[in-house]
Amino acid sequence: MIDTLRLTAEEALGLIDSGEVSAAELHAAYTAAAGERNDELHAYLRLVDYDGGAGVPIALKDVISTKGVGTTAGSKILAGYTPVFDSTVAARCREAGLSVIGKTNTDEFAMGSSTENSSYGPSRNPWDPSLVPGGSGGGTAAAVSGGLAPWGLGSDTGGSIKQPSALCGNVGLRPTYGTVSRFGIVAFASSLDQIGPVGKTVRDVALLYSIIAGRDTNDSTTVELPEHVHLPVSESLDGLKIGIPRQMWDLAAIEPGVRASFEAAIEAARGLGAEIGDCDLPLSYDYGMPCYYLIAPAEASSNLARYDGVRYGPRVDAPTYREMVESTRDAGFGDEPKRRIMLGTYALSAGYYDAYYGQAQRVRTLLIREHREALETFDVLATPTSPTVAFPIGERASDPLAMYACDVMTIPSCLAGLPGLNVPSGLSDGLPVGLQLIGRQFGENTLFRAGHALEQALGFDGVPERLR
Ligand code: GLN
C-alpha cells in the first residue's frame with residue numbers, strides 16, 4: 001500500500017530505485033487518491049493519463065503550458081485551449097521522468113489569494129474543507145497536503161506559492177527572479193512572475209528546484225545558477241544570522257496564534273545555534289502593497305491584451321472586429337482580471353504614467369535597496385508568511401482589499417526579486433501556520449539549510465488531522 005498522504009517525493013524515488021514500486025503504480029495511487037478526494041477538494045481541474053515517465057509523478061498549476069493537455073489559467077477565456085508545446089519547466093520535469101498527474105486549480109490568471117477567483121470554482125483546504133487553501137496556487141497546495149500529489153509546481157507573483165503553502169502546511173519556494181524559466185507560462189506580471197516547487201519537505205523542494213532551475217535560451221531573463229543546489233543535511237544553524245523586520249509588528253492584522261507560532265520557531269532557531277537580531281525594512285510594509293498593486297496590474301493589462309478571441313479560447317461572434325474583441329473579453333474574463341486590466345491601463349495611460357507606474361518603479365528601487373542593506377548584516381530574514389491562518393470560503397471574496405491584504409508579508413521580497421521559502425512552523429487552533437524565510441539573491445541553498453534544520457527541530461506533521 002502506498003500512503004500518498006505521507007510519502008515524500010524522495011521516499012517515492014527510493015521505492016522506484018529499489019524496484020519496490022513502479023512509476024506507473026505511483027501515478028495510479030495518486031490518481032486513485034484524487035478519485036477519492038478531488039470532488040471535495042477540487043485541487044485538480046484536469047487529471048492526466050500516465051505518460052510512461054520513469055520518475056515520481058507531479059502536479060502542475062494550470063498556468064503551466066503542457067503539450068496536448070488543456071491549460072486554462074483558471075479562466076473561461078482559455079476554456080478548451082490545448083497548448084501545442086511544453087513550457088520549459090514542464091519539459092524539464094518530463095526529461096527527469098516526472099509524469100504529470102494533473103493540472104491544478106488557480107485563481108484566474110493567478111490573481112488572488114484564495115482560489116475563489118477561479119472561473120471553475122474554488123479549491124478547498126484539506127485541513128478543513130470549509131476554508132480556503134490560499135491562492136493563487138491553492139490547487140497545488142491542496143493536492144500536496146491532501147495526498148493527491150507528492151509534489152507540484154506553482155507560480156508566484158506576489159505570494160502565490162508561499163501563502164497557499166503556509167495555509168495548507170506545505171513547504172514552498174519562490175525562487176530568485178531569473179533562476180527558473182517562464183517560457184510557456186501564462187504571464188501575469190512579467191517583472192515578478194516566478195515558477196517554484198511545493199512539497200512536503202525542504203529536501204523535496206530543493207530536489208525539484210534543481211530539476212527546473214537554470215538558464216533557458218527561450219527566456220532571456222534566466223541565468224545559470226551560480227552554485228549547485230545542495231540537498232540540505234545539516235541540523236545545526238551555527239553562525240547563521242537571522243534578521244526580524246521590526247516594522248512588521250505594526251501590522252495589527254497578525255493573528256496572536258500566528259505570532260506565537262512564529263516566536264516559537266525563532267526560539268527553535270536560536271536553540272540550533274542561529275544568531276537572531278532585529279532589522280529594518282521601514283518602507284516595505286507601508287509601500288510594498290500599493291507599489292505591487294500598480295506594477296502588477298500595469299503589467300497584467302499588457303500581458304492580457306493577447307486574449308482577443310482571435311487565437312485562444314472561445315470567441316463571441318459579432319458584426320465587427322472591435323465588437324467581437326469587446327464581447328469576447330467581456331464574456332471571457334472574470335471580475336478580478338477586469339479590475340486589474342482597468343487599474344493597470346489607467347496607471348499606464350499618457351499623463352498618469354509617471355505619477356503612478358513611474359513612481360511605483362522608483363519605490364520598488366527603494367525596497368530593493370532596503371532589502372539589500374538588511375541582507376548585508378543578516379543571512380536570512382524571517383517573518384510569518386501570512387498574517388492569518390486559512391479563512392472561510394466566502395469571507396473575503398467580495399472585498400478585494402481584504403483579499404489583497406493576505407500578501408502583505410510576501411509581497412516586499414517579491415518586488416525585490418529575492419527568494420522566499422515557506423516552512424510550516426506549527427498549528428494555531430488546529431490550522432497550519434507558515435514561517436517565511438527570505439534569502440539573498442541566489443541564496444536558495446542557505447534557505448534550504450535553514451528550512452531543513454528548522455523542519456527537523458519543529459517536527460511539524462503535514463498530514464491534516466482529519467485525514468490521519
Ligand atoms: N495575491 C496576489 C495577487 O492577487 C499574488 C498572486 C500571485 O502571486 N500570483 O496578485
# chains A, B, ... in the order shown; residues from 1 in each chain; ligands from 1
>>> residues_around(residues="A:Leu153", least_positions_apart="2", cutoff="6 Å", atoms="only C-alpha atoms", output="list in words")
Leu60, Gly196, Pro197 and Val198 of chain A
>>> write_last_selection(atoms="N, CA and C atoms", output="PDB file, in the first residue's frame")
ATOM      1  N   LEU A  60       0.894  20.032 -11.694  1.00  0.00           N
ATOM      2  CA  LEU A  60       1.312  21.316 -12.271  1.00  0.00           C
ATOM      3  C   LEU A  60       0.157  22.304 -12.241  1.00  0.00           C
ATOM      4  N   GLY A 196       7.940  27.914  -9.089  1.00  0.00           N
ATOM      5  CA  GLY A 196       8.677  27.283  -7.998  1.00  0.00           C
ATOM      6  C   GLY A 196       7.981  26.042  -7.475  1.00  0.00           C
ATOM      7  N   PRO A 197       8.736  25.250  -6.694  1.00  0.00           N
ATOM      8  CA  PRO A 197       8.253  23.965  -6.192  1.00  0.00           C
ATOM      9  C   PRO A 197       7.494  24.038  -4.865  1.00  0.00           C
ATOM     10  N   VAL A 198       6.574  23.088  -4.703  1.00  0.00           N
ATOM     11  CA  VAL A 198       5.817  22.897  -3.457  1.00  0.00           C
ATOM     12  C   VAL A 198       5.953  21.421  -3.088  1.00  0.00           C
TER      13      VAL A 198
END
>>> residues_near_ligand(ligand="ligand 1", cutoff="6 Å", atoms="only C-alpha atoms and all ligand atoms", output="list in words")
Ala110, Met111, Gly112, Ser113, Ser136, Asp156, Thr157, Gly158, Gly159, Ser160, Tyr404 and Asp407 of chain A
>>> select_by_dssp(residues="stretch 49-212 of chain A", states="helix (DSSP H, G or I)", output="PyMOL selection string")
chain A and resi 76-78+88-95+108-110+138-145+162-168+202-212
>>> residues_around(residues="A:Gly147", least_positions_apart="5", cutoff="8 Å", atoms="only C-alpha atoms", output="list in words")
Thr4, Leu5, Arg6, Tyr30 and Ala33 of chain A
>>> residues_around(residues="A:Lys200", least_positions_apart="5", cutoff="8 Å", atoms="only C-alpha atoms", output="number ranges by chain")
A: 8, 144-145, 150-151, 170-171, 205, 462
>>> atom_distance(atom1="atom CA of A:Ser261", atom2="atom CA of A:Glu370")
26.4 Å
>>> select_by_dssp(residues="stretch 215-328 of chain A", states="strand (DSSP E or B)", output="ChimeraX atom specification")
/A:216,219,241-245,275-279
>>> residues_around(residues="A:Leu366", least_positions_apart="6", cutoff="10 Å", atoms="only C-alpha atoms", output="PyMOL selection string")
chain A and resi 283-284+287+360+372+416
>>> write_last_selection(atoms="N, CA and C atoms", output="CSV table (one decimal), in the first residue's frame")
chain,number,residue,atom,x,y,z
A,283,LEU,N,10.3,50.9,4.7
A,283,LEU,CA,9.3,51.2,3.6
A,283,LEU,C,8.5,50.0,3.2
A,284,SER,N,9.0,48.8,3.4
A,284,SER,CA,8.4,47.6,2.8
A,284,SER,C,6.9,47.4,3.1
A,287,TYR,N,4.7,50.6,1.9
A,287,TYR,CA,4.6,50.9,0.5
A,287,TYR,C,4.6,49.7,-0.5
A,360,ALA,N,5.8,54.1,-8.8
A,360,ALA,CA,5.9,52.7,-8.2
A,360,ALA,C,7.2,52.1,-8.5
A,372,ARG,N,18.5,44.8,0.4
A,372,ARG,CA,19.9,44.5,0.2
A,372,ARG,C,20.7,44.9,1.5
A,416,ALA,N,11.5,42.8,-4.5
A,416,ALA,CA,13.0,42.9,-4.5
A,416,ALA,C,13.6,41.8,-5.3
>>> closest_residue(among="A:Arg270, A:Arg124, A:Arg315, A:Arg182", to="A:Glu40", atoms="only C-alpha atoms")
A:Arg124
>>> residues_around(residues="stretch 428-435 of chain A", least_positions_apart="3", cutoff="10 Å", atoms="only C-alpha atoms", output="PyMOL selection string")
chain A and resi 125+127-128+162-172+255-263+265-266+382-391+420-425+438+451+454+460-462+464-465
>>> write_last_selection(atoms="N, CA and C atoms", output="short mmCIF file (atom, residue, chain, number, x, y, z; two decimals), in the first residue's frame")
data_model
loop_
_atom_site.label_atom_id
_atom_site.label_comp_id
_atom_site.auth_asym_id
_atom_site.auth_seq_id
_atom_site.Cartn_x
_atom_site.Cartn_y
_atom_site.Cartn_z
N ASN A 125 -9.49 23.64 1.50
CA ASN A 125 -8.31 23.33 2.31
C ASN A 125 -8.44 21.93 2.92
N TRP A 127 -7.21 20.67 5.45
CA TRP A 127 -7.30 20.67 6.91
C TRP A 127 -8.73 20.92 7.37
N ASP A 128 -9.50 21.63 6.56
CA ASP A 128 -10.89 21.93 6.86
C ASP A 128 -11.52 22.44 5.56
N LYS A 162 4.09 30.83 -1.74
CA LYS A 162 4.39 30.86 -0.30
C LYS A 162 3.11 30.86 0.53
N GLN A 163 2.13 31.68 0.17
CA GLN A 163 0.93 31.83 1.01
C GLN A 163 0.08 30.56 1.04
N PRO A 164 -0.24 29.94 -0.11
CA PRO A 164 -1.00 28.68 -0.02
C PRO A 164 -0.21 27.57 0.69
N SER A 165 1.11 27.56 0.52
CA SER A 165 1.92 26.57 1.25
C SER A 165 1.74 26.77 2.74
N ALA A 166 1.71 28.04 3.17
CA ALA A 166 1.52 28.33 4.59
C ALA A 166 0.15 27.86 5.07
N LEU A 167 -0.88 28.16 4.28
CA LEU A 167 -2.25 27.85 4.73
C LEU A 167 -2.55 26.35 4.69
N CYS A 168 -1.79 25.61 3.88
CA CYS A 168 -2.04 24.16 3.79
C CYS A 168 -0.97 23.33 4.50
N GLY A 169 0.05 23.96 5.07
CA GLY A 169 1.07 23.20 5.80
C GLY A 169 2.09 22.51 4.91
N ASN A 170 2.44 23.13 3.79
CA ASN A 170 3.46 22.59 2.89
C ASN A 170 4.72 23.43 2.94
N VAL A 171 5.78 22.90 2.34
CA VAL A 171 6.98 23.69 2.07
C VAL A 171 6.83 24.24 0.65
N GLY A 172 7.13 25.52 0.46
CA GLY A 172 7.03 26.11 -0.88
C GLY A 172 8.14 27.11 -1.09
N GLU A 255 -2.38 37.69 13.45
CA GLU A 255 -3.15 37.00 14.49
C GLU A 255 -2.25 36.55 15.63
N PRO A 256 -2.77 36.56 16.87
CA PRO A 256 -1.95 36.13 18.02
C PRO A 256 -1.40 34.71 17.86
N GLY A 257 -2.20 33.79 17.33
CA GLY A 257 -1.74 32.40 17.17
C GLY A 257 -0.60 32.31 16.16
N VAL A 258 -0.64 33.16 15.14
CA VAL A 258 0.43 33.19 14.13
C VAL A 258 1.70 33.75 14.77
N ARG A 259 1.53 34.80 15.56
CA ARG A 259 2.67 35.41 16.21
C ARG A 259 3.34 34.41 17.18
N ALA A 260 2.51 33.69 17.92
CA ALA A 260 3.04 32.72 18.89
C ALA A 260 3.83 31.63 18.18
N SER A 261 3.30 31.13 17.07
CA SER A 261 3.99 30.07 16.33
C SER A 261 5.30 30.60 15.75
N PHE A 262 5.26 31.83 15.25
CA PHE A 262 6.47 32.45 14.70
C PHE A 262 7.54 32.58 15.79
N GLU A 263 7.12 33.06 16.95
CA GLU A 263 8.11 33.28 18.02
C GLU A 263 8.70 31.95 18.50
N ALA A 265 9.14 29.35 16.59
CA ALA A 265 10.08 28.93 15.54
C ALA A 265 11.40 29.68 15.68
N ILE A 266 11.33 30.96 16.02
CA ILE A 266 12.56 31.75 16.18
C ILE A 266 13.35 31.24 17.39
N ALA A 382 13.32 36.69 8.54
CA ALA A 382 12.20 35.81 8.88
C ALA A 382 10.97 36.62 9.26
N THR A 383 9.83 36.18 8.74
CA THR A 383 8.53 36.77 9.10
C THR A 383 7.51 35.62 9.07
N PRO A 384 6.32 35.84 9.63
CA PRO A 384 5.25 34.89 9.28
C PRO A 384 4.98 35.02 7.78
N THR A 385 4.58 33.94 7.12
CA THR A 385 4.28 34.02 5.69
C THR A 385 2.95 34.74 5.46
N SER A 386 1.98 34.42 6.29
CA SER A 386 0.64 35.01 6.18
C SER A 386 0.27 35.55 7.55
N PRO A 387 -0.37 36.71 7.60
CA PRO A 387 -0.75 37.25 8.91
C PRO A 387 -1.84 36.42 9.60
N THR A 388 -2.54 35.58 8.82
CA THR A 388 -3.64 34.78 9.41
C THR A 388 -3.51 33.34 8.95
N VAL A 389 -4.24 32.46 9.63
CA VAL A 389 -4.39 31.08 9.12
C VAL A 389 -5.49 31.09 8.06
N ALA A 390 -5.78 29.91 7.52
CA ALA A 390 -6.80 29.80 6.47
C ALA A 390 -8.13 30.36 6.96
N PHE A 391 -8.84 31.05 6.06
CA PHE A 391 -10.11 31.69 6.43
C PHE A 391 -11.26 31.04 5.65
N GLY A 420 12.19 33.25 -1.43
CA GLY A 420 11.49 33.09 -0.15
C GLY A 420 11.00 31.66 -0.01
N LEU A 421 11.15 31.12 1.19
CA LEU A 421 10.76 29.74 1.46
C LEU A 421 9.72 29.73 2.56
N ASN A 422 8.60 29.03 2.32
CA ASN A 422 7.67 28.80 3.43
C ASN A 422 7.97 27.45 4.07
N VAL A 423 8.11 27.45 5.39
CA VAL A 423 8.28 26.22 6.16
C VAL A 423 7.18 26.21 7.22
N PRO A 424 6.43 25.11 7.34
CA PRO A 424 5.39 25.09 8.38
C PRO A 424 6.03 25.24 9.76
N SER A 425 5.44 26.12 10.59
CA SER A 425 6.04 26.32 11.91
C SER A 425 5.20 25.70 13.01
N ILE A 438 13.43 34.62 4.00
CA ILE A 438 13.81 35.36 2.80
C ILE A 438 15.33 35.34 2.70
N GLY A 451 15.81 26.06 6.45
CA GLY A 451 14.48 25.46 6.46
C GLY A 451 14.53 24.01 6.92
N LEU A 454 15.21 23.74 10.69
CA LEU A 454 14.02 24.10 11.47
C LEU A 454 12.93 23.04 11.36
N PHE A 460 6.90 19.29 12.53
CA PHE A 460 5.50 19.51 12.09
C PHE A 460 4.99 18.28 11.33
N ASP A 461 3.79 17.83 11.66
CA ASP A 461 3.17 16.73 10.91
C ASP A 461 2.26 17.33 9.85
N GLY A 462 2.66 17.20 8.59
CA GLY A 462 1.94 17.85 7.49
C GLY A 462 0.66 17.16 7.05
N PRO A 464 -3.07 16.54 7.34
CA PRO A 464 -4.20 17.16 8.03
C PRO A 464 -4.80 16.21 9.07
N GLU A 465 -5.08 16.76 10.24
CA GLU A 465 -5.54 15.92 11.35
C GLU A 465 -6.74 15.06 10.98
#
>>> residues_around(residues="A:Gly271", least_positions_apart="6", cutoff="12 Å", atoms="only C-alpha atoms", output="MDAnalysis selection string")
chainID A and resid 235:240 264:265 453:454 457:458
>>> closest_residue(among="A:Leu41, A:Val408, A:Ile16, A:Ala347", to="A:Ala143", atoms="only C-alpha atoms")
A:Leu41
>>> atom_distance(atom1="atom CA of A:Tyr44", atom2="atom CA of A:Asn105")
5.6 Å
